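Student: If you scroll down you'll find the structure; I have some questions about it.
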Amino acid sequence: MVTSRIVFSSLSLLVALILCFSPIHSSNTIGKGYRLISIEESPDGGFIGYLQVKQKNKIYGSDITTLRLYVKHETDTRLRVHITDAKKQRWEVPYNLLPREQPPPVGKVIGKSRKSPITVQELSGSELIFSYTTDPFSFAVKRKSNGQTIFNTSSNSAFGEMVFKDQYLEISTSLPKDASIYGLGENSQANGIKLVPNEPYTLYTEDVSAINLNTDLYGSHPVYMDLRNVGGKPYAHAVLLLNSNGMDVFYRGTSLTYKVIGGVFDFHFVAGPSPLDVVDQYTSLIGRPAPMPYWSLGFHQCRWGYRNLSVIEDVVDSYQKAKIPLDVIWNDDDHMDAKKDFTLSPISYPRAKLLNFLDRIHKMGMKYVVINDPGIGVNSSYGVYQRGMASDVFIKYEGKPFLAQVWPGAVHFPDFLNPKTVSWWGEEIRRFHELVPIDGLWIDMNEVSNFCSGLCTIPKGKKCPTGEGPGWICCLDCKNITKTRWDDPPYKINATGVTAPIGFKTIATSALHYNGVREYDAHSIYGFSETVATHKGLLSIEGKRPFILSRSTFVGSGKYAAHWTGDNQGTWQSLQVSISTMLNFGIFGVPMVGSDICGFYPQPTEELCNRWIEVGAFYPFSRDHANYYSPRQELYQWDTVAESARNALGMRYKILPYLYTLNYEAHMTGAPIARPLFFSFPEYTECYGSSRQFLLGSGLMVSPVLEQGKTEVEALFPPGSWYHMFDMTQAVVSKKGKRVTLPAPLNFVNVHVYQNTILPMQRGGLISKEARTTPFSLVITFPAGASEGYAKGKLYLDEDELPEMKLGNGQSTYVDFYASVGNGTVKMWSEVKEGKFALSKGWVIEKVSVLGLRGGAGQASEIVINGSPVSNEGKKVEVSLKEHTYVVGLEEEGENKSVMVEVRGLEMLVGKDFNMSWKMGINGAN
């Protein structure tokens, strides 16, 4: 939902850049670093060292005299380097909120110290080697397999020594010029997914509209992936600085510098070496992505401004009439009573009529999700507020609940670090679910967003909010809070892109959470802590798999929630940026992600909305959402957009089995659903900066039109054979990879499936519940014209509202598919794990399409299924053969022509192993 945050002018952005890259002090003037005075092995298998400051100064505060260094190889592929105050505990991301290994407690030297350690020492793990120098202290991390240094804090002319003060931490690493860096979000990156040197990267959760480029937005993810090509071989690794305090990260191409306003240095290095290995190792630390219900992969429709129940009833009916798929209808705050959480408007959304509507759509298989903001209205007649006050669940300022303003007017913010708050929140969710049987919760404004700044009181003698004009104008009586070093820290991060005070339009950073935790430290985990509490609350109601959409995210949020990229614009640039943001969140471990299709505001043009649904239909989370002040933009509002939606969403609903299997893969290994091209083609350096196309899994590539007036698209095709999903006789084949200009008329999107893939599909439908019941088909792709080939695929199916997504519960099935061609024979077979569930549903495979078979050999013959010729089984099987046509001619690639063979009329059970083959003279010898 849009708020009061300013859309900064180009002049303001210029000023911000000047401020950001002209710091008052360089690290060379801040300090001389530390000296390592001892190091020894710790009882848990790590190493403990002590660092002593070399020369104190007062810039940004006093230096911490003695630091404790803790180093441990936590796994074969993950190294931790933790640096903190040696004498007292400092703020860290709570271990109960983000579970992980805890380092030994600080405050005493463990064992007997060894003075004057060797000048250079290495602590070697299976793949990562930690080395250090003693005076001044620096450390490096390198690979054992190729000797490459992946992180090196040794000072040079580009940066100075490590600094560690109470409210200012600084450390730098050198980087090779050819390293490709990704991550450090959340921000809207106009130049694509690959980070650009000398642009601002600030991490601090803010309610700043996503139309602001290269600005700290709703989430904080202090992690980056580094991809390098070393001697023709790709190596990827990631570096996480697990710290929730505000920070500026300066990436200058050959160096990267962190400037952090609190907490500790808690570095985690994961070795990869492939991009998929990196996210596997990273999510094994921060938490595997949440299992999503099947229906959440359908299409969603929302709007801020569905003023009453009859409007959303009409929206559902209009989607059905237009034959555009729709699974979920959403309400922004329109359903609420005076915008108060966990309430219903008795006038606009009377409960009896809403329950009748929900009963109708639930029987159809559709779902209903509503918004929920953390601000609880200060209202003595409001039960949620009364129970919150009685349970003492709110964040405090000087002993009283901190007062802010959001949509209901004056509000208090729940303190989700308090166990009592988590229990109270879960009970409020339960109460609301009894009132309205919602299917998920959308938690918004949780950066946390406040329409006011400072210390506020409710004005006497005037209405607040007034009920006139935009609802985000502050109407409380407020005064600035600058009296503490928490509200006015010595180092100013580039907050909101203009170095705004860190308490601007949010909770005062000197406010207190449970156990005396300052908002200064906990600010960026507010949305994460709310997400964890919401997940617990939803899970406790009916034991169903929760669906949560959160705007603010932090490291580990993907374990509980999906994410959308916030208040974007209905512009071509926002469409382009949406791809980069989506791909970044896959790296962050939040694979269920998407942007508001057609833009949140202002109204998009008809052409833009056409192109946007052709992209958005393939976002992992696919939702149209619009602003209260914009005209209606549901996909049926324009005939041409409706046609594009039927085409693109029609394909999405056919590949739902593939997307759901990717959801399972994400949950098990962290693998993103939507991926940059380099995830599958890390050897192909041409795709390292590609942000205008993306992969779904490893097998499908989407190449959309992203510019006004274009009816063709230049797409980058990595080496191999690619077949068009909308016309599988069309192929692009290239041995070395190339850019190809593809036709892309208004209602057409280019989606290609890669060679060596087996893609499970169904017939599709208008609701995922219906689409799930239709027969399956398999698309099998070989390299075009090859006489020998191999392909594989997989399929996961389950009772999708079970809390856990796993095998072994009797209500799930997993299938591995394999296919080969060689010696004139095409073979395909399956290996089923726990087929009982699929068999209970009666699912069958009705069609197999095999692409890329060598041409000129005539029809397929002697089809055999499970050892028996088809004719003996009395099956009505039809076989057809079509030649492929090539956007890039095979002749120039020196290949043979190829054909597609389709076998229809099959009835092979999904839940039972099958074996199918036929003879075909595809080796050239008839």
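To be explicit about the labels: the chains of the structure tokens are called A, B, and onward in the order shown, and within each one the residues are counted from 1, while ligands get numbers from 1 in the order they are shown.
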With only C-alpha atoms as the counted atoms, please give the residues lying no more than 9 Å from Thr66 in chain A, apart from itself and same-chain residues fewer than 4 positions off, as number ranges by chain.
Tutor: A: 34, 50-53, 84-87
Student: Report as JSON, numbers by chain all protein, DNA and RNA residues lying within 9 Å of range 173-185 of chain A, evaluated on only C-alpha atoms, omitting residues in the same chain fewer than 4 positions from it.
Tutor: {"A": [140, 149, 150, 151, 152, 153, 154, 155, 156, 158, 159, 193, 194, 195, 196, 201, 202, 203, 216, 217, 219, 220, 221, 222, 223, 224, 225, 226, 227, 228, 229, 249, 253, 254, 255, 256, 257, 258, 581, 584, 585, 587, 588, 688, 689]}
Student: Could you write out that same residue set with C-alpha atoms as a compact mmCIF listing (two decimals), in the first residue's frame?
Tutor:
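So out-v5.txt came out as:
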```
# COMPACT_ATOMS: atom_id res chain seq x y z
CA ALA A 140 41.74 -13.77 4.27
CA THR A 149 41.28 -15.69 -2.43
CA ILE A 150 37.58 -14.93 -1.99
CA PHE A 151 37.83 -12.41 0.88
CA ASN A 152 40.84 -10.39 2.00
CA THR A 153 40.82 -7.59 4.57
CA SER A 154 44.51 -6.79 4.26
CA SER A 155 44.77 -3.03 3.78
CA ASN A 156 46.03 -1.40 0.63
CA ALA A 158 41.95 1.44 -1.53
CA PHE A 159 40.99 1.07 2.12
CA ILE A 193 20.95 -7.86 -11.21
CA LYS A 194 24.74 -7.51 -11.43
CA LEU A 195 25.95 -4.87 -8.99
CA VAL A 196 27.45 -1.73 -10.50
CA TYR A 201 23.94 0.08 -1.35
CA THR A 202 22.36 0.87 2.02
CA LEU A 203 20.71 -1.82 4.12
CA ASP A 216 17.22 1.01 0.86
CA LEU A 217 13.73 -0.41 0.65
CA GLY A 219 14.12 -5.57 3.43
CA SER A 220 17.68 -6.02 4.63
CA HIS A 221 19.78 -8.84 3.16
CA PRO A 222 23.48 -8.25 3.83
CA VAL A 223 24.62 -11.11 1.62
CA TYR A 224 26.25 -11.18 -1.79
CA MET A 225 27.13 -13.86 -4.31
CA ASP A 226 30.45 -13.59 -6.13
CA LEU A 227 30.77 -15.42 -9.47
CA ARG A 228 34.16 -15.70 -11.13
CA ASN A 229 35.40 -17.50 -14.19
CA VAL A 249 28.12 -1.01 1.69
CA GLY A 253 34.74 -2.72 -8.38
CA THR A 254 38.02 -3.81 -6.80
CA SER A 255 36.94 -3.48 -3.18
CA LEU A 256 33.90 -3.71 -0.97
CA THR A 257 33.60 -1.82 2.33
CA TYR A 258 31.04 -2.29 5.11
CA THR A 581 14.42 -7.82 -7.84
CA ASN A 584 17.78 -11.24 -6.15
CA PHE A 585 15.22 -12.66 -3.75
CA ILE A 587 19.47 -15.68 -4.04
CA PHE A 588 18.26 -14.37 -0.64
CA TYR A 688 26.54 -13.03 -16.16
CA GLY A 689 24.86 -9.63 -16.52
```
Student: Out of A:Lys144, A:Lys559, A:Lys463, A:Lys897, which residue has the shortest atom-to-atom distance to Pro546 in chain A when counting only C-alpha atoms?
Tutor: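 Closest residue, counting only C-alpha atoms: A:Lys559.
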Student: If DSSP is run on the backbone, what residues of range 225-459 of chain A are strand (DSSP E or B)? A reply as a ChimeraX atom specification would be ideal.
Tutor: /A:225-230,233-241,247-251,255-260,265-270,299-301,328-331,367-372,376-377,394,396-397,400-401,404-406,409-412,414,440-443,455-457
Student: Would you mind exporting C-alpha atoms of the selected residues as a PDB file, in the first residue's frame?
Tutor:
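Output (selection.pdb):
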```pdb
ATOM      1  CA  MET A 225      27.126 -13.861  -4.313  1.00  0.00           C
ATOM      2  CA  ASP A 226      30.452 -13.594  -6.131  1.00  0.00           C
ATOM      3  CA  LEU A 227      30.773 -15.420  -9.468  1.00  0.00           C
ATOM      4  CA  ARG A 228      34.159 -15.705 -11.132  1.00  0.00           C
ATOM      5  CA  ASN A 229      35.396 -17.502 -14.190  1.00  0.00           C
ATOM      6  CA  VAL A 230      38.847 -18.883 -13.411  1.00  0.00           C
ATOM      7  CA  LYS A 233      35.814 -22.757 -15.032  1.00  0.00           C
ATOM      8  CA  PRO A 234      33.118 -20.975 -12.987  1.00  0.00           C
ATOM      9  CA  TYR A 235      33.330 -20.640  -9.226  1.00  0.00           C
ATOM     10  CA  ALA A 236      30.617 -19.034  -7.089  1.00  0.00           C
ATOM     11  CA  HIS A 237      30.629 -18.282  -3.390  1.00  0.00           C
ATOM     12  CA  ALA A 238      28.613 -16.101  -1.018  1.00  0.00           C
ATOM     13  CA  VAL A 239      29.424 -13.862   1.918  1.00  0.00           C
ATOM     14  CA  LEU A 240      26.846 -13.078   4.613  1.00  0.00           C
ATOM     15  CA  LEU A 241      27.444 -10.420   7.250  1.00  0.00           C
ATOM     16  CA  MET A 247      24.829  -0.210   7.143  1.00  0.00           C
ATOM     17  CA  ASP A 248      26.272   1.324   4.013  1.00  0.00           C
ATOM     18  CA  VAL A 249      28.119  -1.013   1.686  1.00  0.00           C
ATOM     19  CA  PHE A 250      30.519   0.636  -0.740  1.00  0.00           C
ATOM     20  CA  TYR A 251      31.279  -1.488  -3.798  1.00  0.00           C
ATOM     21  CA  SER A 255      36.945  -3.482  -3.183  1.00  0.00           C
ATOM     22  CA  LEU A 256      33.903  -3.708  -0.966  1.00  0.00           C
ATOM     23  CA  THR A 257      33.604  -1.823   2.334  1.00  0.00           C
ATOM     24  CA  TYR A 258      31.044  -2.285   5.113  1.00  0.00           C
ATOM     25  CA  LYS A 259      30.218   0.673   7.384  1.00  0.00           C
ATOM     26  CA  VAL A 260      27.863  -0.565  10.099  1.00  0.00           C
ATOM     27  CA  PHE A 265      31.042  -8.734  12.569  1.00  0.00           C
ATOM     28  CA  ASP A 266      29.495 -12.166  12.026  1.00  0.00           C
ATOM     29  CA  PHE A 267      30.684 -13.337   8.616  1.00  0.00           C
ATOM     30  CA  HIS A 268      29.569 -16.597   7.050  1.00  0.00           C
ATOM     31  CA  PHE A 269      31.372 -17.747   3.900  1.00  0.00           C
ATOM     32  CA  VAL A 270      29.818 -20.481   1.754  1.00  0.00           C
ATOM     33  CA  PHE A 299      -3.041 -16.180 -10.222  1.00  0.00           C
ATOM     34  CA  HIS A 300      -4.018 -13.599  -7.562  1.00  0.00           C
ATOM     35  CA  GLN A 301      -6.100 -10.435  -7.907  1.00  0.00           C
ATOM     36  CA  VAL A 328      -7.140 -16.000  -5.085  1.00  0.00           C
ATOM     37  CA  ILE A 329      -9.084 -12.818  -4.411  1.00  0.00           C
ATOM     38  CA  TRP A 330      -7.533 -10.344  -1.973  1.00  0.00           C
ATOM     39  CA  ASN A 331      -8.682  -7.467   0.188  1.00  0.00           C
ATOM     40  CA  LYS A 367      -9.039 -18.715  -1.767  1.00  0.00           C
ATOM     41  CA  TYR A 368      -9.272 -15.435   0.135  1.00  0.00           C
ATOM     42  CA  VAL A 369      -6.386 -13.430   1.648  1.00  0.00           C
ATOM     43  CA  VAL A 370      -6.537 -10.123   3.541  1.00  0.00           C
ATOM     44  CA  ILE A 371      -4.065  -7.486   4.649  1.00  0.00           C
ATOM     45  CA  ASN A 372      -2.875  -6.921   8.192  1.00  0.00           C
ATOM     46  CA  ILE A 376      -2.837  -1.511  16.500  1.00  0.00           C
ATOM     47  CA  GLY A 377      -5.294   1.366  16.750  1.00  0.00           C
ATOM     48  CA  PHE A 394       3.730  -3.047  22.848  1.00  0.00           C
ATOM     49  CA  LYS A 396       7.894   1.134  24.900  1.00  0.00           C
ATOM     50  CA  TYR A 397       9.331   4.630  25.020  1.00  0.00           C
ATOM     51  CA  LYS A 400       4.906   3.891  27.926  1.00  0.00           C
ATOM     52  CA  PRO A 401       3.763   2.265  24.663  1.00  0.00           C
ATOM     53  CA  ALA A 404       2.752   6.357  16.116  1.00  0.00           C
ATOM     54  CA  GLN A 405       0.280   6.910  13.304  1.00  0.00           C
ATOM     55  CA  VAL A 406      -0.700   4.590  10.480  1.00  0.00           C
ATOM     56  CA  GLY A 409      -4.802   6.903  13.225  1.00  0.00           C
ATOM     57  CA  ALA A 410      -2.878   6.658  16.483  1.00  0.00           C
ATOM     58  CA  VAL A 411      -1.362   3.206  16.959  1.00  0.00           C
ATOM     59  CA  HIS A 412       1.001   1.180  19.110  1.00  0.00           C
ATOM     60  CA  PRO A 414       3.469  -4.949  19.007  1.00  0.00           C
ATOM     61  CA  GLY A 440      -3.663 -16.538   4.362  1.00  0.00           C
ATOM     62  CA  LEU A 441      -2.401 -13.239   5.721  1.00  0.00           C
ATOM     63  CA  TRP A 442      -0.705 -10.351   3.982  1.00  0.00           C
ATOM     64  CA  ILE A 443       1.484  -8.471   6.474  1.00  0.00           C
ATOM     65  CA  LEU A 455       7.804  11.608  20.127  1.00  0.00           C
ATOM     66  CA  CYS A 456       4.089  12.122  19.507  1.00  0.00           C
ATOM     67  CA  THR A 457       0.905  12.686  21.454  1.00  0.00           C
TER      68      THR A 457
END
```
Student: Would you list the contacts of Glu542 in chain A as a list in words, taking every protein, DNA or RNA residue within 12 Å and counting only C-alpha atoms, but skipping same-chain residues closer than 3 positions in sequence?
Tutor: Ile429, Arg430, His433, Glu434, Pro437, Ile438, Asp439, Gly440, Lys536, Gly537, Leu538, Leu539, Arg545, Pro546, Glu801, Leu802 and Pro803 of chain A
Student: Next, the residues of the selection above should be written as a short mmCIF file (atom, residue, chain, number, x, y, z; two decimals), in the first residue's frame with all heavy atoms.
Tutor:
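Result file out_35.cif:
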```
data_model
loop_
_atom_site.label_atom_id
_atom_site.label_comp_id
_atom_site.auth_asym_id
_atom_site.auth_seq_id
_atom_site.Cartn_x
_atom_site.Cartn_y
_atom_site.Cartn_z
N ILE A 429 -5.15 -13.78 15.72
CA ILE A 429 -5.33 -14.44 14.42
C ILE A 429 -6.42 -15.50 14.53
O ILE A 429 -7.29 -15.62 13.64
CB ILE A 429 -4.00 -15.05 13.94
CG1 ILE A 429 -3.00 -13.94 13.59
CG2 ILE A 429 -4.23 -15.96 12.73
CD1 ILE A 429 -1.61 -14.45 13.25
N ARG A 430 -6.40 -16.27 15.62
CA ARG A 430 -7.43 -17.30 15.81
C ARG A 430 -8.82 -16.68 15.91
O ARG A 430 -9.77 -17.17 15.28
CB ARG A 430 -7.13 -18.11 17.07
CG ARG A 430 -8.08 -19.28 17.30
CD ARG A 430 -7.97 -19.86 18.69
NE ARG A 430 -8.33 -18.89 19.73
CZ ARG A 430 -9.58 -18.56 20.03
NH1 ARG A 430 -10.60 -19.10 19.37
NH2 ARG A 430 -9.83 -17.67 20.97
N HIS A 433 -9.90 -15.56 12.48
CA HIS A 433 -10.22 -16.69 11.60
C HIS A 433 -11.59 -17.26 11.93
O HIS A 433 -12.30 -17.75 11.04
CB HIS A 433 -9.14 -17.78 11.73
CG HIS A 433 -9.25 -18.86 10.70
ND1 HIS A 433 -10.02 -19.99 10.87
CD2 HIS A 433 -8.70 -18.97 9.46
CE1 HIS A 433 -9.93 -20.75 9.80
NE2 HIS A 433 -9.14 -20.15 8.93
N GLU A 434 -11.97 -17.20 13.19
CA GLU A 434 -13.33 -17.63 13.55
C GLU A 434 -14.37 -16.67 13.00
O GLU A 434 -15.49 -17.07 12.66
CB GLU A 434 -13.45 -17.73 15.08
CG GLU A 434 -12.67 -18.89 15.67
CD GLU A 434 -12.75 -18.92 17.19
OE1 GLU A 434 -13.32 -17.97 17.78
OE2 GLU A 434 -12.23 -19.88 17.78
N PRO A 437 -13.12 -17.01 7.68
CA PRO A 437 -12.20 -18.12 7.37
C PRO A 437 -11.21 -17.76 6.25
O PRO A 437 -11.30 -18.25 5.12
CB PRO A 437 -13.15 -19.25 6.96
CG PRO A 437 -14.34 -18.55 6.40
CD PRO A 437 -14.49 -17.29 7.22
N ILE A 438 -10.26 -16.90 6.58
CA ILE A 438 -9.25 -16.49 5.61
C ILE A 438 -8.34 -17.67 5.29
O ILE A 438 -8.21 -18.61 6.07
CB ILE A 438 -8.41 -15.31 6.16
CG1 ILE A 438 -7.80 -15.68 7.51
CG2 ILE A 438 -9.25 -14.05 6.24
CD1 ILE A 438 -6.77 -14.71 8.02
N ASP A 439 -7.66 -17.59 4.15
CA ASP A 439 -6.75 -18.65 3.72
C ASP A 439 -5.28 -18.25 3.82
O ASP A 439 -4.39 -19.06 3.54
CB ASP A 439 -7.08 -19.05 2.28
CG ASP A 439 -8.50 -19.57 2.16
OD1 ASP A 439 -8.76 -20.66 2.68
OD2 ASP A 439 -9.35 -18.87 1.57
N GLY A 440 -5.03 -17.00 4.20
CA GLY A 440 -3.66 -16.54 4.36
C GLY A 440 -3.68 -15.11 4.86
O GLY A 440 -4.73 -14.46 4.90
N LYS A 536 3.49 -18.85 13.15
CA LYS A 536 3.12 -19.68 14.30
C LYS A 536 1.62 -19.60 14.56
O LYS A 536 0.98 -20.62 14.84
CB LYS A 536 3.91 -19.23 15.53
CG LYS A 536 3.70 -20.09 16.75
CD LYS A 536 4.60 -19.65 17.91
CE LYS A 536 4.40 -20.53 19.13
NZ LYS A 536 5.28 -20.10 20.25
N GLY A 537 1.07 -18.39 14.46
CA GLY A 537 -0.35 -18.22 14.70
C GLY A 537 -1.22 -18.93 13.68
O GLY A 537 -2.19 -19.62 14.04
N LEU A 538 -0.90 -18.80 12.40
CA LEU A 538 -1.69 -19.45 11.35
C LEU A 538 -1.59 -20.97 11.46
O LEU A 538 -2.57 -21.69 11.27
CB LEU A 538 -1.22 -19.00 9.97
CG LEU A 538 -1.68 -17.62 9.50
CD1 LEU A 538 -1.02 -17.26 8.18
CD2 LEU A 538 -3.20 -17.58 9.34
N LEU A 539 -0.38 -21.45 11.75
CA LEU A 539 -0.18 -22.90 11.82
C LEU A 539 -1.00 -23.53 12.95
O LEU A 539 -1.45 -24.67 12.84
CB LEU A 539 1.31 -23.19 12.03
CG LEU A 539 1.77 -24.65 11.93
CD1 LEU A 539 1.45 -25.22 10.55
CD2 LEU A 539 3.27 -24.75 12.19
N ARG A 545 -0.96 -25.67 6.02
CA ARG A 545 0.25 -25.00 5.57
C ARG A 545 -0.01 -23.50 5.47
O ARG A 545 -0.86 -23.06 4.70
CB ARG A 545 0.66 -25.56 4.21
CG ARG A 545 2.02 -25.12 3.71
CD ARG A 545 2.36 -25.80 2.39
NE ARG A 545 2.37 -27.25 2.52
CZ ARG A 545 2.54 -28.09 1.49
NH1 ARG A 545 2.68 -27.59 0.26
NH2 ARG A 545 2.55 -29.38 1.67
N PRO A 546 0.70 -22.68 6.24
CA PRO A 546 0.41 -21.24 6.21
C PRO A 546 0.83 -20.59 4.89
O PRO A 546 1.83 -20.99 4.28
CB PRO A 546 1.26 -20.68 7.36
CG PRO A 546 1.58 -21.86 8.22
CD PRO A 546 1.67 -23.03 7.28
N GLU A 801 -2.14 -28.84 1.54
CA GLU A 801 -2.36 -28.03 2.73
C GLU A 801 -1.80 -28.69 3.99
O GLU A 801 -1.97 -28.17 5.10
CB GLU A 801 -3.84 -27.69 2.88
CG GLU A 801 -4.32 -26.77 1.76
CD GLU A 801 -5.61 -26.05 2.06
OE1 GLU A 801 -6.37 -26.55 2.91
OE2 GLU A 801 -5.87 -24.99 1.47
N LEU A 802 -1.08 -29.80 3.83
CA LEU A 802 -0.37 -30.36 4.97
C LEU A 802 0.73 -29.39 5.38
O LEU A 802 1.37 -28.76 4.54
CB LEU A 802 0.25 -31.71 4.59
CG LEU A 802 -0.70 -32.88 4.34
CD1 LEU A 802 0.08 -34.08 3.84
CD2 LEU A 802 -1.46 -33.23 5.61
N PRO A 803 0.97 -29.26 6.69
CA PRO A 803 1.98 -28.28 7.13
C PRO A 803 3.35 -28.53 6.54
O PRO A 803 4.05 -27.60 6.17
CB PRO A 803 1.99 -28.46 8.65
CG PRO A 803 0.69 -29.08 8.99
CD PRO A 803 0.31 -29.92 7.82
#
```
Student: Just give me the gap between CA of Asp280 in chain A and CA of Ser768 in chain A in Å, one decimal is fine.
Tutor: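 Computing the Euclidean distance for CA of Asp280 in chain A and CA of Ser768 in chain A yields 28.9 Å.
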Student: I need the residue nearest Tyr132 in chain A from this list: A:Met728, A:Ile845, A:Leu36, A:Met364. Use only C-alpha atoms for the distance.
Tutor: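 Ranked by minimum distance to Tyr132 in chain A, first place goes to A:Leu36.
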Student: To one decimal place in Å, what is the distance between CA of Met725 in chain A and CA of Glu831 in chain A?
Tutor: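 A separation of 25.6 Å between them.
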Student: Please list as a CSV table (one decimal) with N, CA and C atoms, in the first residue's frame every residue within 7 Å of range 755-762 of chain A, counting only C-alpha atoms and excluding residues in the same chain fewer than 3 positions away.
Tutor:
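After the write, selection28.csv holds the following:
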```csv
chain,number,residue,atom,x,y,z
A,654,LYS,N,-0.8,-24.7,-17.2
A,654,LYS,CA,-0.4,-26.0,-17.7
A,654,LYS,C,0.9,-26.5,-17.0
A,655,ILE,N,1.8,-25.6,-16.7
A,655,ILE,CA,3.1,-26.0,-16.1
A,655,ILE,C,3.0,-25.9,-14.5
A,657,PRO,N,2.3,-28.2,-12.4
A,657,PRO,CA,3.1,-29.3,-11.8
A,657,PRO,C,4.6,-29.1,-11.7
A,658,TYR,N,5.1,-28.5,-12.8
A,658,TYR,CA,6.5,-28.1,-12.8
A,658,TYR,C,6.9,-27.1,-11.8
A,699,GLY,N,15.0,-25.6,-16.7
A,699,GLY,CA,14.6,-26.0,-18.0
A,699,GLY,C,13.8,-25.0,-18.8
A,720,GLY,N,23.1,-24.8,-26.9
A,720,GLY,CA,22.3,-25.9,-26.9
A,720,GLY,C,21.0,-25.7,-27.7
A,721,SER,N,20.0,-26.6,-27.5
A,721,SER,CA,18.8,-26.6,-28.3
A,721,SER,C,17.7,-26.1,-27.4
A,722,TRP,N,16.9,-25.1,-27.9
A,722,TRP,CA,15.8,-24.5,-27.2
A,722,TRP,C,14.5,-24.6,-28.0
A,771,ALA,N,-7.3,-27.6,-12.5
A,771,ALA,CA,-6.2,-27.9,-13.3
A,771,ALA,C,-5.5,-29.2,-12.8
A,774,THR,N,-6.6,-32.8,-14.1
A,774,THR,CA,-6.6,-33.1,-15.5
A,774,THR,C,-5.4,-34.1,-15.8
A,775,PRO,N,-5.5,-34.8,-16.9
A,775,PRO,CA,-4.4,-35.8,-17.2
A,775,PRO,C,-3.0,-35.0,-17.4
A,776,PHE,N,-2.0,-35.8,-17.2
A,776,PHE,CA,-0.6,-35.2,-17.4
A,776,PHE,C,-0.1,-35.5,-18.8
A,777,SER,N,0.9,-34.7,-19.2
A,777,SER,CA,1.6,-34.9,-20.4
A,777,SER,C,3.1,-34.7,-20.1
A,778,LEU,N,4.0,-35.3,-20.9
A,778,LEU,CA,5.4,-35.1,-20.7
A,778,LEU,C,6.0,-34.5,-21.9
A,779,VAL,N,6.8,-33.5,-21.8
A,779,VAL,CA,7.6,-32.9,-22.9
A,779,VAL,C,9.0,-33.3,-22.7
A,780,ILE,N,9.6,-34.1,-23.6
A,780,ILE,CA,10.9,-34.6,-23.5
A,780,ILE,C,11.8,-34.0,-24.6
A,781,THR,N,12.9,-33.4,-24.2
A,781,THR,CA,13.7,-32.6,-25.2
A,781,THR,C,15.1,-33.2,-25.3
A,782,PHE,N,15.5,-33.5,-26.5
A,782,PHE,CA,16.9,-33.9,-26.8
A,782,PHE,C,17.6,-32.8,-27.6
A,783,PRO,N,18.9,-32.8,-27.6
A,783,PRO,CA,19.6,-31.9,-28.5
A,783,PRO,C,19.2,-32.1,-30.0
A,790,TYR,N,20.1,-37.9,-23.8
A,790,TYR,CA,19.5,-38.3,-22.5
A,790,TYR,C,18.8,-37.1,-21.9
A,791,ALA,N,17.7,-37.4,-21.2
A,791,ALA,CA,16.9,-36.3,-20.6
A,791,ALA,C,16.3,-36.8,-19.3
A,792,LYS,N,16.1,-35.8,-18.4
A,792,LYS,CA,15.5,-36.2,-17.1
A,792,LYS,C,14.6,-35.1,-16.6
A,793,GLY,N,13.7,-35.5,-15.7
A,793,GLY,CA,12.8,-34.5,-15.0
A,793,GLY,C,12.3,-35.1,-13.8
A,795,LEU,N,8.8,-34.9,-10.6
A,795,LEU,CA,7.5,-34.4,-10.3
A,795,LEU,C,7.2,-34.7,-8.8
A,817,PHE,N,11.7,-38.9,-13.8
A,817,PHE,CA,11.5,-39.3,-15.2
A,817,PHE,C,12.8,-39.4,-15.9
```
Student: Mind giving me the straight-line distance from CA of Asp639 in chain A to CA of Pro745 in chain A in Å, one decimal?
Tutor: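 Computing the Euclidean distance for CA of Asp639 in chain A and CA of Pro745 in chain A yields 15.1 Å.
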Student: Write out as number ranges by chain which residues come within 10 Å of Ser698 in chain A when counting only C-alpha atoms, dropping same-chain ones fewer than 2 positions away.
Tutor: A: 662, 671-677, 679-681, 694-696, 700-701, 753-754, 757
Student: Keeping C-alpha atoms, export the residues of the selection given above as a short mmCIF file (atom, residue, chain, number, x, y, z; two decimals), in the first residue's frame.
Tutor:
```cif
data_model
loop_
_atom_site.label_atom_id
_atom_site.label_comp_id
_atom_site.auth_asym_id
_atom_site.auth_seq_id
_atom_site.Cartn_x
_atom_site.Cartn_y
_atom_site.Cartn_z
CA LEU A 662 10.25 -26.36 -8.11
CA ALA A 671 17.07 -23.64 -5.25
CA PRO A 672 15.27 -20.52 -6.55
CA ILE A 673 12.12 -21.00 -8.60
CA ALA A 674 13.01 -18.05 -10.87
CA ARG A 675 16.74 -17.96 -11.60
CA PRO A 676 19.27 -15.87 -13.49
CA LEU A 677 20.58 -17.56 -16.63
CA PHE A 679 22.53 -20.52 -12.55
CA SER A 680 22.24 -23.09 -15.34
CA PHE A 681 25.03 -21.75 -17.55
CA PHE A 694 15.06 -15.48 -16.57
CA LEU A 695 14.79 -19.19 -16.02
CA LEU A 696 12.09 -21.11 -14.21
CA LEU A 700 12.33 -23.01 -18.98
CA MET A 701 13.52 -19.62 -20.21
CA VAL A 753 12.34 -25.28 -22.93
CA TYR A 754 15.95 -26.46 -22.92
CA THR A 757 14.62 -31.78 -20.01
#
```
